[in-house]
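Student: Here you go, target_33.cif (mmCIF, C-alpha atoms and all ligand atoms):
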data_protein
loop_
_atom_site.label_atom_id
_atom_site.label_comp_id
_atom_site.auth_asym_id
_atom_site.auth_seq_id
_atom_site.Cartn_x
_atom_site.Cartn_y
_atom_site.Cartn_z
CA MET A 1 143.46 -211.05 0.07
CA GLY A 2 146.07 -210.32 -2.51
CA ALA A 3 145.68 -206.67 -3.37
CA ARG A 4 149.24 -205.66 -4.27
CA SER A 5 148.41 -202.00 -4.43
CA ARG A 6 146.62 -201.45 -1.10
CA ASP A 7 149.50 -199.62 0.59
CA LEU A 8 151.36 -198.27 -2.44
CA LEU A 9 151.89 -194.53 -2.88
CA ARG A 10 149.24 -192.57 -4.72
CA ARG A 11 150.57 -189.00 -4.49
CA SER A 12 149.92 -188.47 -8.19
CA CYS A 13 147.13 -190.39 -9.94
CA LEU A 14 147.41 -189.79 -13.68
CA ALA A 15 144.16 -189.88 -15.64
CA VAL A 16 144.57 -191.26 -19.17
CA PRO A 17 141.70 -191.45 -21.68
CA GLY A 18 141.25 -195.08 -22.69
CA SER A 19 140.49 -193.98 -26.25
CA SER A 20 144.02 -192.86 -27.09
CA ASP A 21 146.99 -195.17 -27.76
CA ARG A 22 149.25 -192.14 -27.79
CA PHE A 23 148.23 -190.96 -24.31
CA ILE A 24 148.42 -194.51 -22.93
CA GLU A 25 151.97 -195.02 -24.23
CA ARG A 26 153.02 -191.62 -22.98
CA ALA A 27 151.76 -192.50 -19.49
CA LEU A 28 154.46 -195.17 -19.28
CA THR A 29 157.10 -192.45 -19.26
CA ILE A 30 155.51 -190.23 -16.59
CA PRO A 31 156.64 -190.63 -12.94
CA ALA A 32 153.10 -190.84 -11.56
CA ASP A 33 152.55 -193.17 -8.59
CA MET A 34 149.34 -194.40 -10.16
CA VAL A 35 147.83 -194.48 -13.63
CA PHE A 36 144.19 -194.99 -14.36
CA LEU A 37 143.00 -195.70 -17.85
CA ASP A 38 139.58 -194.15 -18.23
CA LEU A 39 136.49 -195.58 -19.86
CA GLU A 40 134.19 -192.96 -18.31
CA ASP A 41 133.90 -189.20 -18.79
CA SER A 42 137.08 -188.53 -20.79
CA VAL A 43 135.97 -190.98 -23.50
CA ALA A 44 133.37 -190.02 -26.12
CA PRO A 45 130.26 -192.27 -26.15
CA SER A 46 131.07 -193.44 -29.68
CA GLU A 47 134.51 -194.66 -28.53
CA LYS A 48 133.58 -196.31 -25.27
CA LEU A 49 133.15 -199.88 -26.53
CA GLU A 50 136.40 -199.90 -28.44
CA ALA A 51 138.27 -198.38 -25.51
CA ARG A 52 137.62 -201.50 -23.41
CA GLY A 53 139.82 -203.67 -25.60
CA ARG A 54 142.50 -201.00 -26.01
CA VAL A 55 142.81 -200.53 -22.26
CA ALA A 56 142.94 -204.27 -21.56
CA ARG A 57 145.58 -204.84 -24.26
CA ALA A 58 147.72 -202.00 -22.97
CA ILE A 59 147.69 -203.32 -19.40
CA ARG A 60 148.52 -206.81 -20.58
CA SER A 61 151.29 -205.91 -22.98
CA PHE A 62 153.24 -202.95 -21.51
CA ASP A 63 155.64 -202.91 -18.58
CA TRP A 64 153.93 -200.75 -15.96
CA GLY A 65 156.73 -200.96 -13.43
CA GLU A 66 155.72 -200.61 -9.80
CA ARG A 67 152.97 -198.02 -10.27
CA VAL A 68 149.38 -198.73 -9.34
CA VAL A 69 147.43 -199.67 -12.48
CA CYS A 70 143.71 -199.00 -12.48
CA VAL A 71 140.81 -198.76 -14.92
CA ARG A 72 137.86 -196.45 -14.36
CA VAL A 73 134.71 -198.12 -15.65
CA ASN A 74 131.38 -196.42 -16.31
CA ALA A 75 128.95 -195.94 -13.42
CA TRP A 76 126.16 -198.37 -12.60
CA ASP A 77 123.56 -195.86 -13.87
CA THR A 78 124.73 -196.58 -17.44
CA PRO A 79 124.23 -199.84 -19.36
CA LEU A 80 128.03 -200.21 -19.65
CA THR A 81 129.43 -201.13 -16.25
CA LEU A 82 129.08 -204.91 -16.26
CA ARG A 83 130.65 -205.44 -19.68
CA ASP A 84 133.34 -202.84 -18.96
CA VAL A 85 134.39 -204.90 -15.95
CA ILE A 86 134.16 -208.28 -17.67
CA GLU A 87 136.09 -207.23 -20.78
CA VAL A 88 138.77 -205.31 -18.93
CA VAL A 89 139.43 -207.87 -16.19
CA THR A 90 139.39 -210.77 -18.64
CA GLY A 91 141.63 -209.07 -21.16
CA ALA A 92 144.06 -207.24 -18.88
CA GLY A 93 145.48 -210.18 -16.95
CA PRO A 94 147.02 -210.07 -13.48
CA ARG A 95 148.77 -206.68 -13.82
CA LEU A 96 145.45 -204.87 -13.31
CA ASP A 97 145.50 -203.72 -9.69
CA GLU A 98 142.16 -202.02 -9.35
CA ILE A 99 138.85 -200.98 -10.80
CA MET A 100 137.68 -197.43 -10.10
CA LEU A 101 133.92 -197.06 -9.76
CA PRO A 102 132.65 -193.53 -10.43
CA LYS A 103 129.59 -191.76 -9.00
CA VAL A 104 129.12 -194.26 -6.17
CA GLN A 105 125.88 -193.36 -4.44
CA ARG A 106 125.14 -196.39 -2.27
CA PRO A 107 127.14 -199.22 -0.71
CA ASP A 108 125.36 -201.89 -2.77
CA GLU A 109 127.05 -200.51 -5.91
CA VAL A 110 130.38 -201.49 -4.39
CA VAL A 111 129.00 -204.84 -3.22
CA ALA A 112 127.78 -205.56 -6.76
CA LEU A 113 131.22 -204.82 -8.21
CA ASP A 114 132.84 -206.98 -5.54
CA LEU A 115 130.61 -209.94 -6.46
CA VAL A 116 131.38 -209.60 -10.16
CA LEU A 117 135.11 -209.40 -9.45
CA THR A 118 134.92 -212.47 -7.21
CA GLN A 119 133.36 -214.49 -10.04
CA LEU A 120 135.85 -213.24 -12.58
CA GLU A 121 138.82 -214.01 -10.34
CA ALA A 122 137.55 -217.55 -9.83
CA GLU A 123 137.01 -218.03 -13.56
CA LEU A 124 140.40 -216.59 -14.50
CA GLY A 125 142.41 -218.35 -11.80
CA LEU A 126 143.34 -215.13 -9.99
CA GLU A 127 143.69 -215.07 -6.21
CA ARG A 128 140.46 -213.97 -4.54
CA GLY A 129 140.73 -210.27 -3.71
CA HIS A 130 143.49 -209.69 -6.28
CA ILE A 131 141.62 -206.73 -7.78
CA GLY A 132 141.00 -203.76 -5.51
CA ILE A 133 138.30 -201.10 -5.76
CA GLU A 134 138.53 -197.31 -5.72
CA ALA A 135 135.18 -195.60 -5.05
CA GLN A 136 134.58 -192.07 -6.30
CA ILE A 137 132.45 -189.89 -4.04
CA GLU A 138 131.12 -187.21 -6.34
CA THR A 139 127.42 -186.77 -5.68
CA THR A 140 125.52 -185.45 -2.69
CA ARG A 141 123.98 -188.89 -2.15
CA GLY A 142 127.39 -190.50 -2.27
CA LEU A 143 128.60 -188.11 0.39
CA ILE A 144 125.60 -188.75 2.62
CA ASN A 145 126.25 -192.52 2.36
CA VAL A 146 130.05 -192.31 2.46
CA GLU A 147 130.49 -194.13 5.76
CA ALA A 148 128.53 -197.17 4.56
CA ILE A 149 130.28 -197.04 1.18
CA ALA A 150 133.72 -197.04 2.84
CA THR A 151 133.03 -200.38 4.54
CA ALA A 152 131.06 -202.05 1.76
CA SER A 153 133.88 -204.34 0.56
CA SER A 154 137.24 -205.57 1.77
CA ARG A 155 138.48 -204.86 -1.77
CA LEU A 156 138.23 -201.11 -1.23
CA GLU A 157 141.61 -199.40 -1.26
CA THR A 158 140.68 -195.73 -1.61
CA LEU A 159 137.89 -193.21 -1.57
CA VAL A 160 138.31 -190.54 -4.23
CA PHE A 161 136.70 -187.10 -4.16
CA GLY A 162 135.34 -185.96 -7.55
CA PRO A 163 135.05 -182.16 -7.35
CA ALA A 164 133.67 -181.62 -10.86
CA ASP A 165 130.72 -183.98 -10.66
CA PHE A 166 130.24 -183.01 -7.03
CA SER A 167 129.95 -179.33 -7.97
CA ALA A 168 127.29 -180.24 -10.51
CA SER A 169 125.45 -182.44 -8.02
CA MET A 170 125.50 -179.64 -5.40
CA GLN A 171 124.51 -177.01 -7.99
CA LEU A 172 127.46 -174.91 -6.82
CA PRO A 173 127.75 -171.55 -8.61
CA VAL A 174 131.00 -172.56 -10.38
CA LEU A 175 132.00 -173.74 -13.83
CA THR A 176 135.47 -175.11 -12.91
CA GLY A 177 135.35 -178.04 -10.51
CA GLY A 178 138.13 -178.09 -7.94
CA ALA A 179 139.08 -174.41 -8.20
CA ALA A 180 138.58 -172.05 -5.26
CA ILE A 181 135.56 -169.71 -5.28
CA PRO A 182 137.12 -166.26 -4.62
CA GLU A 183 133.86 -164.85 -3.26
CA TYR A 184 133.53 -167.69 -0.72
CA PRO A 185 135.08 -166.83 2.65
CA GLY A 186 137.10 -170.02 3.20
CA ASP A 187 137.33 -173.39 1.48
CA HIS A 188 133.89 -174.33 0.16
CA PHE A 189 134.98 -178.01 0.07
CA HIS A 190 136.37 -178.20 3.58
CA TYR A 191 133.40 -180.11 4.99
CA VAL A 192 133.28 -182.46 2.01
CA LEU A 193 137.01 -183.23 2.09
CA SER A 194 136.87 -183.79 5.85
CA LYS A 195 133.86 -186.06 5.74
CA ILE A 196 135.36 -188.28 3.03
CA LEU A 197 138.69 -188.35 4.87
CA MET A 198 137.12 -189.51 8.12
CA ALA A 199 135.07 -192.23 6.47
CA ALA A 200 138.15 -193.46 4.60
CA ARG A 201 140.49 -193.47 7.60
CA THR A 202 137.90 -195.18 9.80
CA ALA A 203 137.77 -197.96 7.23
CA GLY A 204 141.58 -198.06 6.86
CA LEU A 205 141.54 -196.69 3.30
CA GLN A 206 143.68 -194.20 1.43
CA VAL A 207 141.96 -190.99 0.40
CA ILE A 208 142.54 -189.14 -2.85
CA ASP A 209 141.59 -185.67 -4.04
CA GLY A 210 140.24 -185.33 -7.59
CA PRO A 211 141.23 -183.19 -10.56
CA PHE A 212 142.23 -179.55 -10.91
CA LEU A 213 141.03 -178.68 -14.35
CA ARG A 214 143.14 -175.61 -15.21
CA ILE A 215 145.99 -177.76 -16.38
CA HIS A 216 148.45 -174.96 -17.19
CA ASP A 217 147.99 -173.19 -13.85
CA LEU A 218 150.56 -175.02 -11.71
CA GLU A 219 150.33 -172.47 -8.91
CA GLY A 220 146.58 -172.96 -8.75
CA LEU A 221 147.19 -176.72 -8.71
CA LYS A 222 149.61 -176.37 -5.82
CA ALA A 223 147.13 -174.27 -3.82
CA SER A 224 144.35 -176.75 -4.53
CA ALA A 225 146.56 -179.73 -3.60
CA LEU A 226 147.68 -178.11 -0.35
CA ARG A 227 144.07 -177.86 0.83
CA SER A 228 143.71 -181.64 0.88
CA ALA A 229 147.39 -182.50 1.57
CA MET A 230 147.31 -180.45 4.77
CA LEU A 231 144.24 -182.39 5.90
CA GLY A 232 146.18 -185.62 5.39
CA TYR A 233 145.03 -186.78 1.95
CA ASP A 234 147.36 -189.27 0.25
CA GLY A 235 147.32 -187.78 -3.23
CA LYS A 236 145.47 -186.11 -6.07
CA TRP A 237 144.64 -186.68 -9.70
CA ALA A 238 146.81 -185.36 -12.48
CA LEU A 239 144.98 -184.62 -15.73
CA HIS A 240 148.20 -183.76 -17.52
CA PRO A 241 151.80 -185.00 -17.14
CA THR A 242 153.00 -181.50 -16.18
CA GLN A 243 150.92 -181.71 -12.99
CA VAL A 244 152.67 -184.85 -11.71
CA ASP A 245 155.83 -183.29 -10.22
CA VAL A 246 153.83 -180.72 -8.25
CA LEU A 247 151.70 -183.47 -6.77
CA ASN A 248 154.60 -185.82 -5.93
CA ASP A 249 156.15 -182.93 -4.09
CA THR A 250 153.02 -181.70 -2.31
CA TYR A 251 151.94 -185.08 -0.92
CA ARG A 252 155.41 -186.01 0.34
CA PRO A 253 156.34 -184.90 3.89
CA SER A 254 158.80 -181.99 3.98
CA GLN A 255 162.35 -183.07 4.86
CA GLU A 256 162.12 -181.06 8.07
CA LEU A 257 158.95 -182.79 9.25
CA PHE A 258 160.22 -186.19 8.19
CA ASP A 259 163.49 -185.72 10.11
CA ARG A 260 161.59 -184.54 13.16
CA ALA A 261 159.26 -187.55 13.03
CA VAL A 262 162.23 -189.93 12.89
CA ALA A 263 163.90 -188.08 15.79
CA ILE A 264 160.72 -188.28 17.89
CA LEU A 265 160.49 -192.01 17.27
CA ASP A 266 164.14 -192.48 18.28
CA ALA A 267 163.82 -190.35 21.40
CA TYR A 268 160.62 -192.06 22.48
CA GLU A 269 162.06 -195.50 21.86
CA GLN A 270 165.13 -194.72 23.97
CA ALA A 271 163.27 -193.05 26.84
CA THR A 272 160.58 -195.69 27.29
CA THR A 273 160.17 -199.43 27.33
CA SER A 274 157.12 -201.30 26.06
CA ASP A 275 155.70 -201.79 29.58
CA ARG A 276 156.66 -198.28 30.71
CA ARG A 277 155.30 -195.84 28.19
CA GLY A 278 154.44 -192.34 29.27
CA ALA A 279 155.22 -188.71 28.66
CA VAL A 280 158.88 -187.80 28.08
CA MET A 281 160.63 -184.60 27.05
CA PHE A 282 161.79 -184.06 23.46
CA GLY A 283 163.71 -180.78 23.42
CA ASP A 284 161.29 -178.31 24.96
CA GLU A 285 158.22 -180.33 23.98
CA MET A 286 156.46 -183.07 25.89
CA ILE A 287 155.80 -186.16 23.80
CA ASP A 288 153.77 -189.26 24.58
CA GLU A 289 152.18 -192.28 22.94
CA ALA A 290 149.99 -190.08 20.71
CA SER A 291 153.09 -188.21 19.51
CA ARG A 292 154.68 -191.57 18.69
CA LYS A 293 151.62 -192.57 16.62
CA MET A 294 151.68 -189.29 14.68
CA ALA A 295 155.40 -189.59 14.06
CA GLU A 296 155.08 -193.21 13.00
CA LYS A 297 152.47 -192.46 10.32
CA PHE A 298 154.50 -189.57 9.05
CA ALA A 299 157.78 -191.47 8.97
CA LEU A 300 156.09 -194.35 7.13
CA ARG A 301 154.71 -191.98 4.53
CA GLY A 302 158.13 -190.43 4.03
CA ARG A 303 159.88 -193.81 3.73
CA ARG A 304 157.36 -194.93 1.14
CA ALA A 305 158.25 -191.78 -0.79
CA GLY A 306 161.92 -192.80 -0.69
CA MET A 307 163.08 -190.46 2.11
C1 LIG B 401 136.06 -186.52 -11.32
O1 LIG B 401 135.61 -187.51 -11.81
C2 LIG B 401 135.26 -185.38 -11.02
O2 LIG B 401 134.06 -185.42 -11.35
O3 LIG B 401 135.78 -184.40 -10.45
MG MG B 402 133.50 -187.38 -12.16
#
Reformat the file's structure so that it appears as structure tokens.
Ligand code: GLV
Ligand code: MG
Tutor:
Amino acid sequence: MGARSRDLLRRSCLAVPGSSDRFIERALTIPADMVFLDLEDSVAPSEKLEARGRVARAIRSFDWGERVVCVRVNAWDTPLTLRDVIEVVTGAGPRLDEIMLPKVQRPDEVVALDLVLTQLEAELGLERGHIGIEAQIETTRGLINVEAIATASSRLETLVFGPADFSASMQLPVLTGGAAIPEYPGDHFHYVLSKILMAARTAGLQVIDGPFLRIHDLEGLKASALRSAMLGYDGKWALHPTQVDVLNDTYRPSQELFDRAVAILDAYEQATTSDRRGAVMFGDEMIDEASRKMAEKFALRGRRAGM
């Protein structure tokens, strides 16, 4: 499998409407870890067909650097999905890393996309598995089926929570998806975020939080991002370039935790050998193999973020 982007950083995932040349060109200058060009809800119905070609051309002709490059197609409950995928994959060339599938409700929706991508890769001379899949979990049915969805295809790279559509699907008493509900005693999305996280990690996938729609409220964004970052999420969507720095910062380990993780790994390595691994002291704390695993994941995340 050749998915280049599987383990790349996705702290900030910039959403860019596929109907606007100006927004697409601006995205090239924004330090987001990932960019996805949208054919779905940010594009007016009258512009959706034209957006396919614009998005494909942009991916083919611009230098996207190292960032993850993705296109969100329309969901399988529209008549658009199949031709979205065919036109984008055929026109974009090998720099397209992934297709994002919205409103995934059942695993067979991912299987269907996988089969189409397999045919297209064969036709276009791309390595099998070159194009990864991101699956958005944003309906109650999608959440109920999330474990089966997470293992539906070896192309899957991430599960993505969609708080706006999810709020509509749940009939939550809110009008701003992703924002806290002040009257609710706690985080009304805690269960949802946790369930998606567990399904994703069990399947070896990254897990991404969706948009925060009050784009000028950077403090609100930070608070919203911390809720998922402190559960272990890899990143979150940015709907506007000003949100990107906050996200890059929030989903990177703090220097203090990173340094401590590296020190734990060093201490554990020195105090044990591969056939004699057990509990050892690290300062006034006892560490063992589980501590090493925690530290290893954390150190890896920090190194990927350039620490
Ligand atoms: C994103 O697509 C959302 O619905 O929140
Ligand atoms: Mg949505």
Student: Which residue out of A:Thr250, A:Thr242, A:Ser153, A:Ser167 has the minimum interatomic distance to Gly204 (chain A) when only C-alpha atoms are used?
Tutor: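 When distances to Gly204 (chain A) are compared using only C-alpha atoms, the smallest one comes from A:Ser153.
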Student: Rank A:Ala168, A:Ala135, A:Ile196, A:Ile86 by their smallest atom-to-atom distance to Thr118 (chain A), using all atoms listed in the file, and report the top residue only.
Tutor: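 Of A:Ala168, A:Ala135, A:Ile196, A:Ile86, the one nearest Thr118 (chain A) is A:Ile86, counting all atoms listed in the file.
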Student: Could the residues that lie within 8 Å of ligand MG 402 (chain B), counting only C-alpha atoms and all ligand atoms, be listed as a PyMOL selection string?
Tutor: chain A and resi 41+102-103+136+138+162-166
Student: Write out the residues from the selection above, keeping C-alpha atoms, as a PDB file, in the coordinates of the input.
Tutor:
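File produced: result.pdb:
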ATOM      1  CA  ASP A  41     133.900-189.200 -18.790  1.00  0.00           C
ATOM      2  CA  PRO A 102     132.650-193.530 -10.430  1.00  0.00           C
ATOM      3  CA  LYS A 103     129.590-191.760  -9.000  1.00  0.00           C
ATOM      4  CA  GLN A 136     134.580-192.070  -6.300  1.00  0.00           C
ATOM      5  CA  GLU A 138     131.120-187.210  -6.340  1.00  0.00           C
ATOM      6  CA  GLY A 162     135.340-185.960  -7.550  1.00  0.00           C
ATOM      7  CA  PRO A 163     135.050-182.160  -7.350  1.00  0.00           C
ATOM      8  CA  ALA A 164     133.670-181.620 -10.860  1.00  0.00           C
ATOM      9  CA  ASP A 165     130.720-183.980 -10.660  1.00  0.00           C
ATOM     10  CA  PHE A 166     130.240-183.010  -7.030  1.00  0.00           C
TER      11      PHE A 166
END
Student: Need to verify the contact set: Thr81 (chain A), 12 Å, only C-alpha atoms, exclusion of same-chain residues closer than 3 positions in sequence. Can you return it as JSON, numbers by chain?
Tutor: {"A": [39, 40, 48, 49, 52, 71, 72, 73, 74, 75, 76, 77, 78, 84, 85, 86, 87, 88, 99, 100, 101, 102, 103, 109, 110, 112, 113, 116]}
Student: Please compute the CA of Pro182 (chain A)-CA of Leu213 (chain A) distance, one decimal, in Å.
Tutor: 16.3 Å
Student: With N, CA and C atoms as the goal, would you fill in the gaps in region 133-157 of chain A and present it as a short mmCIF file (atom, residue, chain, number, x, y, z; two decimals), in the coordinates of the input?
Tutor:
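Output below, filename part.cif:
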data_model
loop_
_atom_site.label_atom_id
_atom_site.label_comp_id
_atom_site.auth_asym_id
_atom_site.auth_seq_id
_atom_site.Cartn_x
_atom_site.Cartn_y
_atom_site.Cartn_z
N ILE A 133 139.32 -202.05 -5.28
CA ILE A 133 138.30 -201.10 -5.76
C ILE A 133 138.63 -199.70 -5.23
N GLU A 134 138.51 -198.71 -6.13
CA GLU A 134 138.53 -197.31 -5.72
C GLU A 134 137.11 -196.78 -5.93
N ALA A 135 136.55 -196.12 -4.93
CA ALA A 135 135.18 -195.60 -5.05
C ALA A 135 135.22 -194.08 -5.10
N GLN A 136 134.64 -193.53 -6.17
CA GLN A 136 134.58 -192.07 -6.30
C GLN A 136 133.33 -191.54 -5.60
N ILE A 137 133.56 -190.57 -4.73
CA ILE A 137 132.45 -189.89 -4.04
C ILE A 137 132.29 -188.55 -4.74
N GLU A 138 131.24 -188.41 -5.51
CA GLU A 138 131.12 -187.21 -6.34
C GLU A 138 129.68 -186.79 -6.57
N THR A 139 128.81 -187.25 -5.67
CA THR A 139 127.42 -186.77 -5.68
C THR A 139 127.02 -186.51 -4.23
N THR A 140 125.97 -185.72 -4.06
CA THR A 140 125.52 -185.45 -2.69
C THR A 140 125.07 -186.75 -2.02
N ARG A 141 124.42 -187.63 -2.76
CA ARG A 141 123.98 -188.89 -2.15
C ARG A 141 125.18 -189.75 -1.75
N GLY A 142 126.18 -189.76 -2.60
CA GLY A 142 127.39 -190.50 -2.27
C GLY A 142 128.01 -189.99 -0.98
N LEU A 143 128.01 -188.68 -0.82
CA LEU A 143 128.60 -188.11 0.39
C LEU A 143 127.77 -188.46 1.63
N ILE A 144 126.46 -188.41 1.48
CA ILE A 144 125.60 -188.75 2.62
C ILE A 144 125.82 -190.21 3.03
N ASN A 145 126.08 -191.08 2.07
CA ASN A 145 126.25 -192.52 2.36
C ASN A 145 127.71 -192.92 2.49
N VAL A 146 128.63 -191.97 2.60
CA VAL A 146 130.05 -192.31 2.46
C VAL A 146 130.55 -193.29 3.52
N GLU A 147 129.98 -193.23 4.72
CA GLU A 147 130.49 -194.13 5.76
C GLU A 147 130.14 -195.59 5.41
N ALA A 148 128.93 -195.81 4.94
CA ALA A 148 128.53 -197.17 4.56
C ALA A 148 129.29 -197.62 3.31
N ILE A 149 129.53 -196.70 2.40
CA ILE A 149 130.28 -197.04 1.18
C ILE A 149 131.69 -197.49 1.55
N ALA A 150 132.30 -196.78 2.50
CA ALA A 150 133.72 -197.04 2.84
C ALA A 150 133.94 -198.45 3.41
N THR A 151 132.88 -199.04 3.95
CA THR A 151 133.03 -200.38 4.54
C THR A 151 132.28 -201.45 3.75
N ALA A 152 131.91 -201.13 2.52
CA ALA A 152 131.06 -202.05 1.76
C ALA A 152 131.80 -203.27 1.22
N SER A 153 133.13 -203.20 1.12
CA SER A 153 133.88 -204.34 0.56
C SER A 153 135.31 -204.31 1.07
N SER A 154 135.83 -205.50 1.34
CA SER A 154 137.24 -205.57 1.77
C SER A 154 138.18 -205.31 0.59
N ARG A 155 137.63 -205.21 -0.61
CA ARG A 155 138.48 -204.86 -1.77
C ARG A 155 138.78 -203.36 -1.84
N LEU A 156 138.02 -202.56 -1.12
CA LEU A 156 138.23 -201.11 -1.23
C LEU A 156 139.63 -200.74 -0.80
N GLU A 157 140.27 -199.90 -1.59
CA GLU A 157 141.61 -199.40 -1.26
C GLU A 157 141.59 -197.90 -1.04
#
